[in-house]
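Structure file final_23.txt (compact mmCIF, C-alpha atoms and all ligand atoms) is printed below.
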```txt
# COMPACT_ATOMS: atom_id res chain seq x y z
CA MET A 21 -85.39 113.94 -23.78
CA THR A 22 -82.66 114.51 -26.35
CA LEU A 23 -82.40 116.97 -29.22
CA THR A 24 -80.54 115.60 -32.24
CA HIS A 25 -82.01 117.72 -35.06
CA PRO A 26 -83.58 121.09 -34.24
CA ASP A 27 -87.01 121.41 -35.82
CA ALA A 28 -90.42 123.08 -35.33
CA ILE A 29 -91.81 121.91 -31.98
CA GLU A 30 -94.90 120.57 -33.78
CA ALA A 31 -92.59 117.90 -35.27
CA GLU A 32 -91.69 116.81 -31.71
CA PRO A 33 -87.90 117.07 -32.10
CA LEU A 34 -87.16 115.88 -28.56
CA LYS A 35 -86.84 112.09 -28.40
CA ALA A 36 -86.73 109.86 -25.35
CA THR A 37 -83.33 108.17 -25.35
CA GLN A 38 -81.53 105.87 -22.94
CA THR A 39 -77.91 106.51 -22.09
CA ALA A 40 -75.79 105.37 -19.20
CA ALA A 41 -75.50 108.02 -16.51
CA ASN A 42 -71.79 108.78 -16.74
CA GLY A 43 -69.78 110.72 -14.23
CA PRO A 44 -69.57 112.58 -12.08
CA ALA A 45 -66.09 113.94 -12.90
CA PRO A 46 -63.91 114.64 -9.82
CA ASP A 47 -65.24 118.22 -9.48
CA GLU A 48 -68.87 117.39 -10.30
CA LEU A 49 -72.10 116.21 -8.72
CA LEU A 50 -74.42 113.63 -10.19
CA LEU A 51 -77.99 114.75 -9.52
CA ARG A 52 -81.18 112.76 -9.73
CA VAL A 53 -83.52 115.28 -11.32
CA GLU A 54 -86.82 115.84 -9.57
CA ALA A 55 -88.08 118.87 -11.49
CA CYS A 56 -86.92 120.93 -14.46
CA ALA A 57 -88.74 124.10 -15.44
CA VAL A 58 -89.23 125.00 -19.10
CA CYS A 59 -87.79 128.29 -20.39
CA ARG A 60 -88.35 130.13 -23.66
CA THR A 61 -84.64 129.66 -24.38
CA ASP A 62 -85.26 125.88 -24.46
CA LEU A 63 -87.87 126.42 -27.18
CA GLN A 64 -85.46 128.60 -29.17
CA LEU A 65 -82.77 125.90 -28.94
CA VAL A 66 -85.13 123.06 -29.87
CA GLU A 67 -86.47 124.97 -32.90
CA GLY A 68 -83.02 126.13 -34.03
CA ASP A 69 -83.53 129.86 -33.37
CA LEU A 70 -80.71 129.57 -30.84
CA LYS A 71 -77.86 127.72 -32.57
CA ALA A 72 -76.97 124.48 -30.76
CA ARG A 73 -73.41 124.38 -29.43
CA LYS A 74 -73.42 120.59 -29.33
CA LEU A 75 -75.68 117.91 -30.73
CA PRO A 76 -77.17 115.76 -29.50
CA VAL A 77 -77.98 117.83 -26.43
CA VAL A 78 -80.36 117.47 -23.51
CA PRO A 79 -82.00 120.88 -22.89
CA GLY A 80 -83.10 122.31 -19.54
CA HIS A 81 -81.37 124.75 -17.20
CA GLN A 82 -83.71 125.19 -14.23
CA VAL A 83 -83.06 121.95 -12.42
CA ALA A 84 -83.97 120.88 -8.90
CA GLY A 85 -82.85 117.48 -7.72
CA VAL A 86 -81.04 115.36 -5.18
CA VAL A 87 -77.32 114.61 -4.98
CA GLU A 88 -76.90 110.99 -6.00
CA ARG A 89 -73.09 110.90 -6.07
CA THR A 90 -70.24 113.37 -5.51
CA GLY A 91 -66.95 113.52 -7.43
CA ASP A 92 -63.72 112.59 -5.62
CA ARG A 93 -62.58 116.20 -5.16
CA VAL A 94 -65.95 117.65 -4.14
CA SER A 95 -66.42 119.06 -0.67
CA GLY A 96 -69.44 120.75 0.87
CA TRP A 97 -71.98 118.39 -0.62
CA GLU A 98 -73.50 115.23 0.83
CA MET A 99 -75.40 112.47 -0.90
CA GLY A 100 -79.16 112.92 -0.56
CA GLU A 101 -79.02 116.73 -0.29
CA ARG A 102 -81.33 118.88 -2.40
CA ALA A 103 -79.46 120.79 -5.09
CA ALA A 104 -80.29 123.15 -7.92
CA ILE A 105 -78.48 124.10 -11.10
CA THR A 106 -79.03 127.10 -13.36
CA TRP A 107 -78.12 128.40 -16.84
CA LEU A 108 -74.57 129.28 -15.73
CA ALA A 109 -72.70 125.96 -15.79
CA GLY A 110 -69.17 127.27 -15.36
CA THR A 111 -66.80 130.19 -15.88
CA CYS A 112 -63.03 130.44 -16.32
CA GLY A 113 -62.45 131.84 -12.83
CA ILE A 114 -59.33 133.84 -13.84
CA CYS A 115 -60.39 136.61 -16.25
CA LYS A 116 -60.90 140.23 -15.21
CA PHE A 117 -64.64 139.69 -14.97
CA CYS A 118 -64.44 136.47 -12.93
CA THR A 119 -61.98 138.02 -10.49
CA SER A 120 -64.05 141.17 -9.92
CA GLY A 121 -67.45 139.72 -8.99
CA ARG A 122 -68.74 139.88 -12.56
CA GLU A 123 -68.50 136.26 -13.68
CA ASN A 124 -71.77 136.78 -15.59
CA LEU A 125 -69.66 138.64 -18.18
CA CYS A 126 -67.00 135.89 -18.56
CA LEU A 127 -66.22 135.18 -22.22
CA GLU A 128 -65.46 131.54 -21.39
CA ALA A 129 -68.79 130.94 -19.62
CA ARG A 130 -70.47 127.59 -20.27
CA PHE A 131 -74.19 127.01 -20.07
CA THR A 132 -76.43 124.20 -18.85
CA GLY A 133 -78.59 122.60 -21.54
CA TRP A 134 -76.52 124.27 -24.27
CA ASP A 135 -72.80 123.54 -23.78
CA ARG A 136 -73.51 120.56 -21.57
CA ASP A 137 -76.50 118.30 -21.09
CA GLY A 138 -79.26 119.74 -18.95
CA GLY A 139 -82.23 118.73 -16.87
CA TYR A 140 -84.75 117.26 -19.34
CA ALA A 141 -83.50 113.95 -17.98
CA ASP A 142 -83.59 111.58 -15.02
CA TYR A 143 -79.97 112.40 -14.16
CA VAL A 144 -77.63 115.28 -14.83
CA THR A 145 -74.05 116.14 -13.89
CA ALA A 146 -72.95 119.63 -12.92
CA ARG A 147 -69.86 121.36 -11.56
CA ALA A 148 -70.26 121.22 -7.78
CA ASP A 149 -69.12 124.83 -7.43
CA PHE A 150 -71.93 125.92 -9.76
CA ALA A 151 -74.67 124.03 -7.88
CA PHE A 152 -76.83 125.59 -5.17
CA HIS A 153 -78.34 124.36 -1.95
CA LEU A 154 -82.12 124.63 -2.04
CA PRO A 155 -83.84 126.17 0.98
CA SER A 156 -85.75 123.55 2.94
CA GLY A 157 -89.46 124.07 2.60
CA LEU A 158 -89.22 124.90 -1.10
CA ASP A 159 -90.81 122.11 -3.10
CA PRO A 160 -88.58 121.12 -6.09
CA ALA A 161 -91.41 121.83 -8.56
CA ASP A 162 -91.92 125.31 -7.06
CA ALA A 163 -88.17 125.97 -6.87
CA ALA A 164 -87.38 125.10 -10.50
CA PRO A 165 -89.10 128.16 -12.08
CA LEU A 166 -87.10 130.46 -9.79
CA LEU A 167 -83.79 129.35 -11.28
CA CYS A 168 -83.76 131.34 -14.53
CA GLY A 169 -86.29 134.16 -14.90
CA GLY A 170 -86.48 134.50 -11.12
CA VAL A 171 -82.75 134.94 -10.60
CA ILE A 172 -82.42 137.26 -13.61
CA GLY A 173 -85.34 139.34 -12.31
CA TYR A 174 -83.50 139.55 -9.00
CA ARG A 175 -80.29 140.70 -10.71
CA SER A 176 -82.36 143.33 -12.53
CA LEU A 177 -83.66 144.55 -9.17
CA LYS A 178 -80.09 144.89 -7.91
CA ARG A 179 -78.96 146.60 -11.14
CA SER A 180 -81.90 149.02 -10.97
CA GLY A 181 -80.48 150.62 -7.84
CA ILE A 182 -83.89 150.56 -6.11
CA GLN A 183 -83.64 151.24 -2.38
CA PRO A 184 -85.96 149.99 0.37
CA GLY A 185 -89.12 152.08 0.34
CA GLY A 186 -88.44 153.44 -3.16
CA ARG A 187 -90.86 153.65 -6.06
CA LEU A 188 -90.18 150.91 -8.61
CA GLY A 189 -91.76 150.56 -12.04
CA LEU A 190 -92.11 147.12 -13.68
CA PHE A 191 -92.83 147.33 -17.41
CA GLY A 192 -94.26 144.06 -18.73
CA TYR A 193 -95.60 141.46 -16.31
CA GLY A 194 -94.69 137.81 -16.84
CA ALA A 195 -93.24 135.17 -14.53
CA SER A 196 -89.98 137.07 -13.97
CA ALA A 197 -91.71 140.36 -13.09
CA HIS A 198 -94.16 138.50 -10.83
CA LEU A 199 -91.20 137.22 -8.77
CA ALA A 200 -89.39 140.59 -8.81
CA LEU A 201 -92.55 142.26 -7.50
CA GLN A 202 -92.65 139.89 -4.52
CA VAL A 203 -89.02 140.72 -3.63
CA ALA A 204 -89.64 144.47 -4.09
CA ARG A 205 -92.64 144.29 -1.75
CA TYR A 206 -90.54 142.38 0.79
CA TRP A 207 -88.05 145.29 0.64
CA GLY A 208 -90.87 147.72 1.35
CA CYS A 209 -90.86 149.27 -2.13
CA GLU A 210 -93.92 150.69 -3.83
CA ALA A 211 -94.38 148.84 -7.12
CA TYR A 212 -96.02 150.33 -10.21
CA VAL A 213 -96.82 147.73 -12.87
CA PHE A 214 -97.33 148.59 -16.52
CA THR A 215 -98.85 145.95 -18.79
CA ARG A 216 -101.45 145.88 -21.54
CA SER A 217 -103.14 142.80 -20.09
CA ARG A 218 -106.04 143.53 -17.75
CA ARG A 219 -105.65 140.08 -16.22
CA GLU A 220 -101.97 140.71 -15.46
CA GLN A 221 -102.81 144.14 -13.99
CA GLU A 222 -105.23 142.44 -11.59
CA ARG A 223 -102.67 139.75 -10.77
CA ALA A 224 -100.08 142.44 -9.99
CA LEU A 225 -102.48 144.33 -7.71
CA ALA A 226 -103.37 141.07 -5.93
CA THR A 227 -99.61 140.49 -5.40
CA GLY A 228 -99.19 143.86 -3.70
CA ALA A 229 -98.58 146.39 -6.49
CA THR A 230 -99.46 149.96 -5.50
CA TRP A 231 -100.73 150.74 -8.97
CA ALA A 232 -101.24 148.88 -12.27
CA GLY A 233 -102.11 150.25 -15.69
CA GLY A 234 -101.22 150.34 -19.38
CA TYR A 235 -97.89 151.48 -20.88
CA SER A 236 -99.20 154.93 -21.76
CA ASP A 237 -101.09 155.46 -18.49
CA SER A 238 -99.65 157.81 -15.88
CA PRO A 239 -99.27 156.42 -12.35
CA GLY A 240 -99.35 159.93 -10.89
CA ALA A 241 -95.87 159.66 -9.36
CA LEU A 242 -92.32 159.68 -10.70
CA LEU A 243 -90.39 156.42 -10.28
CA ASP A 244 -87.00 156.06 -8.58
CA ALA A 245 -86.13 153.12 -10.84
CA ALA A 246 -87.75 151.01 -13.53
CA ILE A 247 -87.19 147.57 -15.04
CA THR A 248 -88.47 146.63 -18.49
CA PHE A 249 -89.33 142.98 -19.13
CA ALA A 250 -91.02 143.31 -22.54
CA PRO A 251 -88.63 142.71 -25.50
CA VAL A 252 -89.81 145.94 -27.10
CA GLY A 253 -87.76 149.14 -27.30
CA ASP A 254 -90.83 151.39 -27.19
CA VAL A 255 -91.39 150.17 -23.64
CA VAL A 256 -87.91 151.39 -22.67
CA ILE A 257 -89.01 154.88 -23.72
CA ASP A 258 -92.28 154.51 -21.78
CA ALA A 259 -90.20 153.64 -18.73
CA LEU A 260 -87.79 156.53 -19.23
CA ARG A 261 -90.72 158.94 -19.39
CA ASN A 262 -91.80 157.88 -15.88
CA VAL A 263 -88.40 157.87 -14.17
CA ASP A 264 -87.37 160.71 -11.88
CA ARG A 265 -84.06 162.62 -12.04
CA GLY A 266 -81.13 160.33 -11.20
CA GLY A 267 -83.18 157.18 -11.81
CA ALA A 268 -82.23 154.21 -14.00
CA VAL A 269 -84.17 152.14 -16.50
CA THR A 270 -82.86 148.58 -16.39
CA ILE A 271 -83.57 146.39 -19.41
CA ASN A 272 -84.18 142.78 -18.37
CA ALA A 273 -84.81 141.48 -21.91
CA ILE A 274 -82.04 139.55 -23.71
CA HIS A 275 -83.31 140.67 -27.11
CA LEU A 276 -84.76 144.05 -27.94
CA ASP A 277 -86.12 144.92 -31.37
CA ARG A 278 -84.43 148.34 -31.23
CA ILE A 279 -84.32 151.46 -29.09
CA PRO A 280 -86.31 154.19 -30.82
CA GLN A 281 -84.81 157.64 -31.15
CA PHE A 282 -85.75 159.86 -28.25
CA SER A 283 -85.05 163.37 -27.03
CA TYR A 284 -81.91 163.76 -24.91
CA ASP A 285 -84.05 165.76 -22.48
CA MET A 286 -85.56 162.42 -21.38
CA LEU A 287 -82.14 161.09 -20.38
CA TRP A 288 -80.67 164.27 -18.95
CA TRP A 289 -80.60 164.85 -15.18
CA GLU A 290 -78.45 161.77 -14.80
CA ARG A 291 -81.04 159.25 -15.81
CA GLU A 292 -79.45 155.99 -17.03
CA LEU A 293 -80.19 153.02 -19.28
CA ARG A 294 -78.74 149.69 -18.11
CA SER A 295 -78.77 146.17 -19.51
CA VAL A 296 -78.68 142.85 -17.64
CA ALA A 297 -76.71 139.84 -18.87
CA ASN A 298 -77.00 136.44 -17.20
CA VAL A 299 -76.39 136.11 -13.48
CA THR A 300 -73.62 135.42 -11.01
CA ARG A 301 -73.66 132.62 -8.45
CA GLU A 302 -74.00 135.29 -5.78
CA ASP A 303 -77.27 136.44 -7.41
CA ALA A 304 -78.60 132.89 -7.37
CA ARG A 305 -77.60 132.28 -3.74
CA GLU A 306 -79.11 135.55 -2.54
CA PHE A 307 -82.32 135.06 -4.47
CA LEU A 308 -82.84 131.44 -3.38
CA ASP A 309 -82.29 132.49 0.23
CA LEU A 310 -84.84 135.31 -0.14
CA ALA A 311 -87.28 133.07 -2.00
CA GLY A 312 -87.30 130.65 0.91
CA ARG A 313 -87.74 133.41 3.49
CA ILE A 314 -90.44 135.55 1.80
CA PRO A 315 -91.61 132.89 0.63
CA VAL A 316 -92.22 133.64 -3.05
CA ARG A 317 -95.16 132.09 -4.82
CA THR A 318 -95.04 130.76 -8.38
CA ASP A 319 -97.76 129.46 -10.68
CA ILE A 320 -96.73 126.16 -12.21
CA GLN A 321 -98.21 123.65 -14.60
CA THR A 322 -96.57 120.23 -14.32
CA PHE A 323 -95.94 117.67 -17.06
CA PRO A 324 -94.30 114.25 -17.03
CA LEU A 325 -90.78 114.45 -18.53
CA GLN A 326 -91.80 112.46 -21.60
CA ASN A 327 -94.29 115.24 -22.46
CA ALA A 328 -91.53 117.85 -22.87
CA ASN A 329 -92.51 118.45 -26.53
CA LEU A 330 -96.10 119.17 -25.46
CA ALA A 331 -94.99 121.60 -22.74
CA LEU A 332 -92.83 123.49 -25.26
CA LYS A 333 -95.64 123.52 -27.83
CA LEU A 334 -98.05 125.04 -25.29
CA LEU A 335 -95.40 127.61 -24.36
CA LYS A 336 -95.09 128.55 -28.05
CA GLN A 337 -98.87 128.85 -28.36
CA GLY A 338 -99.12 131.00 -25.22
CA ALA A 339 -101.47 128.35 -23.83
CA LEU A 340 -99.79 127.80 -20.44
CA TRP A 341 -101.33 129.34 -17.32
CA GLY A 342 -98.12 129.00 -15.28
CA THR A 343 -94.49 128.07 -15.82
CA ALA A 344 -94.26 124.55 -17.23
CA VAL A 345 -92.33 122.17 -14.98
CA LEU A 346 -91.24 118.70 -16.09
CA LEU A 347 -91.36 116.03 -13.40
CA THR A 348 -89.45 112.76 -13.55
ZN ZN A 401 -83.93 130.38 -19.07
ZN ZN A 402 -63.86 134.37 -16.67
```
Do you think you could lay out the structure here as structure tokens?
Amino acid sequence: MTLTHPDAIEAEPLKATQTAANGPAPDELLLRVEACAVCRTDLQLVEGDLKARKLPVVPGHQVAGVVERTGDRVSGWEMGERAAITWLAGTCGICKFCTSGRENLCLEARFTGWDRDGGYADYVTARADFAFHLPSGLDPADAAPLLCGGVIGYRSLKRSGIQPGGRLGLFGYGASAHLALQVARYWGCEAYVFTRSRREQERALATGATWAGGYSDSPGALLDAAITFAPVGDVVIDALRNVDRGGAVTINAIHLDRIPQFSYDMLWWERELRSVANVTREDAREFLDLAGRIPVRTDIQTFPLQNANLALKLLKQGALWGTAVLLT
């Protein structure tokens, strides 16, 4: 499903096209795609809100599939193995960020479904060193939604500094927070979930949250760390208000409308604000391993690949009841 001209999703800008599966290059894998989850970033790309870096482009960066062929210089991969690829398609490997465990900050980073063709397709190529082994027992359709919001939620957990048994606040409760909650529970943390939606509050409690309420409600305990998922700066202040001395508020959102002015007293006592940008391969490996062991549960709604426009339209309308996953 190829994007040639970005347009409103109602105009169905993704078109089914046939191209020869080329590659893999010597350092790449050719994957037969089994499942590709749909992300809000895909919608932004298709509608032109995120400027395309190449056109035509095949979107999709949460891909689970099977190795069909390996490049001549690839080691560590066998044909027929399950593999996954994520948003991070490659980094330079030599800059100060890449050589210090922070490849997520690399200025030369390339991205799946943006710089190179992604997983809204029957086949996709990917750098072998940026592909991941999928834990056995994880169905490809259930694994795909873990590969973007899930991994970023996991990085946010790490960035938050939360320790086993600590009190963690999650502000906003979508797919990413739902996965982060399951990891936090596995680590023995108490989770406090703040969301306006009654339905999401109930879902959080059913998933093991200690407490759930609205943004202005008080949970009756100070938090050791908090993560905000809502793209709203006011929520960052709500989180800060509930964090104990020495605690951090980690902002998971890529875009934030603004951070409202607030009293320095709220930040004093060594409280911190932190942002999260992309993920490293280490984050993805650790999270996939955990996801298989916990095992994490995801809510998915599947669509045939040719209905990619429909899946994106329902995402835009807020009419999905789980993460949309395209099946080939
Ligand atoms: Zn994404
Ligand atoms: Zn680099």
Return as a tab-separated table the residues of chain A lying at most 6 Å from ligand ZN 401 (chain A), together with the closest atom-to-atom pair for each and the distance in Å to one decimal, counting all atoms listed in the file, with rows in chain order and ascending residue number.
```
residue	atom	partner	partner_atom	distance
A:Cys59	CA	A:ZN401	ZN	4.6
A:Thr61	CA	A:ZN401	ZN	5.4
A:Cys168	CA	A:ZN401	ZN	4.6
```
Name the residues, by chain letter and number, that sit within 8 Å of ligand ZN 402 (chain A) using only C-alpha atoms and all ligand atoms, and give them as a PyMOL selection string.
-> chain A and resi 111-119+123+125-129
Can I get the residues of region 112-162 of chain A within 10 Å of region 296-307 of chain A, each with the closest pair of atoms and their distance in Å to one decimal, using only C-alpha atoms, sorted chain first then ascending number, as CSV?
```
residue,atom,partner,partner_atom,distance
A:Cys118,CA,A:Thr300,CA,9.4
A:Gly121,CA,A:Thr300,CA,7.8
A:Arg122,CA,A:Thr300,CA,6.8
A:Glu123,CA,A:Thr300,CA,5.8
A:Asn124,CA,A:Val299,CA,5.1
A:Leu125,CA,A:Ala297,CA,7.2
A:Asp149,CA,A:Arg301,CA,9.1
A:Phe150,CA,A:Arg301,CA,7.0
A:Ala151,CA,A:Arg301,CA,8.7
A:Phe152,CA,A:Arg305,CA,6.9
A:His153,CA,A:Arg305,CA,8.2
A:Leu154,CA,A:Arg305,CA,9.0
A:Pro155,CA,A:Arg305,CA,9.9
```
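Proximity ranking of A:Arg60, A:Arg218, A:Asp27, A:Gln82 relative to Ile274 (chain A) places A:Arg60 first, based on all atoms listed in the file.
For the atom pair formed by CA of Gly157 (chain A) and CA of Leu199 (chain A), the distance is 17.5 Å, given to one decimal.
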Determine, counting only C-alpha atoms, every residue of protein, DNA or RNA that lies within 10 Å of (-85.2, 157.9, -28.7) in the file coordinates, then give the result as an MDAnalysis selection string.
-> chainID A and resid 253:254 256:257 260 278:284 286:287
Smallest atom-to-atom distance to Ile105 (chain A): which of A:Ala141, A:Val53, A:Ala72, A:Ile247, using only C-alpha atoms?
-> A:Val53
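For the residues A:Pro33, A:Pro165, A:Gly173, A:Gly139, ranking by smallest atom-to-atom distance to Thr348 (chain A) using all atoms listed in the file places A:Gly139 first.
If all atoms listed in the file are the atoms counted, then among A:Ala204, A:Ala224, A:Ala103, A:Ala161 the closest residue to Leu346 (chain A) is A:Ala161.
Take CA of Cys56 (chain A) and CA of Asp277 (chain A): the distance between them is 29.4 Å.
Our summary of the geometry notes that CA of Leu177 (chain A) is positioned 10.5 Å from CA of Gly189 (chain A).
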Using only C-alpha atoms, pick whichever of A:Val77, A:Leu49, A:Gln64, A:His25 has the shortest atom-to-atom distance to Glu98 (chain A).
-> A:Leu49
Kindly provide, as AutoDock Vina command-line options, the centre and edge lengths (Å, one decimal) of an axis-aligned box around all atoms of region 314-321 of chain A given in the file, with 6 Å on each side.
```
--center_x -94.3 --center_y 129.6 --center_z -6.4 --size_x 19.8 --size_y 23.9 --size_z 28.4
```
May I ask which of the residues A:Gly169, A:Pro239, A:Gly138, A:Gly110 is the closest one to Ala84 (chain A), counting only C-alpha atoms?
-> A:Gly138
Neighbours of Ala311 (chain A) within 9 Å (only C-alpha atoms; same-chain residues fewer than 6 positions away dropped), as a PDB file with C-alpha atoms, keeping the file's coordinate frame?
```
ATOM      1  CA  PRO A 155     -83.840 126.170   0.980  1.00  0.00           C
ATOM      2  CA  LEU A 158     -89.220 124.900  -1.100  1.00  0.00           C
ATOM      3  CA  ALA A 163     -88.170 125.970  -6.870  1.00  0.00           C
ATOM      4  CA  LEU A 166     -87.100 130.460  -9.790  1.00  0.00           C
ATOM      5  CA  LEU A 199     -91.200 137.220  -8.770  1.00  0.00           C
ATOM      6  CA  VAL A 203     -89.020 140.720  -3.630  1.00  0.00           C
ATOM      7  CA  ARG A 317     -95.160 132.090  -4.820  1.00  0.00           C
TER       8      ARG A 317
END
```
Please provide as a ChimeraX atom specification all residues within 9 Å of Tyr235 (chain A), with the sequence filter that same-chain residues fewer than 4 positions apart are discarded (counting only C-alpha atoms).
-> /A:191-192,213-216,255,258-259
N, CA, C and O atoms modelled onto region 67-84 of chain A, as an mmCIF file, in the coordinates of the input:
```cif
data_model
loop_
_atom_site.group_PDB
_atom_site.id
_atom_site.type_symbol
_atom_site.label_atom_id
_atom_site.label_comp_id
_atom_site.auth_asym_id
_atom_site.auth_seq_id
_atom_site.Cartn_x
_atom_site.Cartn_y
_atom_site.Cartn_z
ATOM 1 N N GLU A 67 -86.002 124.609 -31.548
ATOM 2 C CA GLU A 67 -86.470 124.970 -32.900
ATOM 3 C C GLU A 67 -85.354 125.502 -33.785
ATOM 4 O O GLU A 67 -85.564 125.764 -34.960
ATOM 5 N N GLY A 68 -84.158 125.683 -33.231
ATOM 6 C CA GLY A 68 -83.020 126.130 -34.030
ATOM 7 C C GLY A 68 -82.836 127.635 -34.088
ATOM 8 O O GLY A 68 -81.931 128.130 -34.771
ATOM 9 N N ASP A 69 -83.697 128.401 -33.395
ATOM 10 C CA ASP A 69 -83.530 129.860 -33.370
ATOM 11 C C ASP A 69 -82.294 130.252 -32.555
ATOM 12 O O ASP A 69 -81.677 131.283 -32.798
ATOM 13 N N LEU A 70 -81.969 129.441 -31.569
ATOM 14 C CA LEU A 70 -80.710 129.570 -30.840
ATOM 15 C C LEU A 70 -79.838 128.410 -31.339
ATOM 16 O O LEU A 70 -80.217 127.239 -31.203
ATOM 17 N N LYS A 71 -78.685 128.743 -31.949
ATOM 18 C CA LYS A 71 -77.860 127.720 -32.570
ATOM 19 C C LYS A 71 -77.300 126.773 -31.509
ATOM 20 O O LYS A 71 -76.714 127.227 -30.514
ATOM 21 N N ALA A 72 -77.482 125.473 -31.719
ATOM 22 C CA ALA A 72 -76.970 124.480 -30.760
ATOM 23 C C ALA A 72 -75.450 124.540 -30.722
ATOM 24 O O ALA A 72 -74.806 124.729 -31.754
ATOM 25 N N ARG A 73 -74.875 124.394 -29.541
ATOM 26 C CA ARG A 73 -73.410 124.380 -29.430
ATOM 27 C C ARG A 73 -72.885 122.963 -29.431
ATOM 28 O O ARG A 73 -71.693 122.736 -29.596
ATOM 29 N N LYS A 74 -73.782 122.001 -29.158
ATOM 30 C CA LYS A 74 -73.420 120.590 -29.330
ATOM 31 C C LYS A 74 -74.691 119.820 -29.647
ATOM 32 O O LYS A 74 -75.777 120.220 -29.223
ATOM 33 N N LEU A 75 -74.560 118.781 -30.429
ATOM 34 C CA LEU A 75 -75.680 117.910 -30.730
ATOM 35 C C LEU A 75 -75.168 116.473 -30.726
ATOM 36 O O LEU A 75 -74.068 116.242 -31.224
ATOM 37 N N PRO A 76 -75.912 115.531 -30.207
ATOM 38 C CA PRO A 76 -77.170 115.760 -29.500
ATOM 39 C C PRO A 76 -76.961 116.476 -28.176
ATOM 40 O O PRO A 76 -75.868 116.458 -27.616
ATOM 41 N N VAL A 77 -78.035 117.122 -27.709
ATOM 42 C CA VAL A 77 -77.980 117.830 -26.430
ATOM 43 C C VAL A 77 -79.288 117.596 -25.679
ATOM 44 O O VAL A 77 -80.343 117.442 -26.292
ATOM 45 N N VAL A 78 -79.177 117.522 -24.378
ATOM 46 C CA VAL A 78 -80.360 117.470 -23.510
ATOM 47 C C VAL A 78 -80.610 118.882 -22.994
ATOM 48 O O VAL A 78 -79.757 119.437 -22.307
ATOM 49 N N PRO A 79 -81.749 119.517 -23.351
ATOM 50 C CA PRO A 79 -82.000 120.880 -22.890
ATOM 51 C C PRO A 79 -82.353 120.918 -21.394
ATOM 52 O O PRO A 79 -82.458 119.878 -20.744
ATOM 53 N N GLY A 80 -82.584 122.133 -20.901
ATOM 54 C CA GLY A 80 -83.100 122.310 -19.540
ATOM 55 C C GLY A 80 -82.068 122.896 -18.595
ATOM 56 O O GLY A 80 -81.025 122.286 -18.360
ATOM 57 N N HIS A 81 -82.352 124.087 -18.059
ATOM 58 C CA HIS A 81 -81.370 124.750 -17.200
ATOM 59 C C HIS A 81 -81.963 125.300 -15.916
ATOM 60 O O HIS A 81 -81.398 126.183 -15.301
ATOM 61 N N GLN A 82 -83.108 124.788 -15.520
ATOM 62 C CA GLN A 82 -83.710 125.190 -14.230
ATOM 63 C C GLN A 82 -84.028 123.901 -13.492
ATOM 64 O O GLN A 82 -85.160 123.445 -13.499
ATOM 65 N N VAL A 83 -82.995 123.335 -12.883
ATOM 66 C CA VAL A 83 -83.060 121.950 -12.420
ATOM 67 C C VAL A 83 -83.029 121.879 -10.897
ATOM 68 O O VAL A 83 -82.143 122.437 -10.255
ATOM 69 N N ALA A 84 -83.989 121.173 -10.336
ATOM 70 C CA ALA A 84 -83.970 120.880 -8.900
ATOM 71 C C ALA A 84 -83.905 119.370 -8.733
ATOM 72 O O ALA A 84 -84.641 118.639 -9.396
#
```
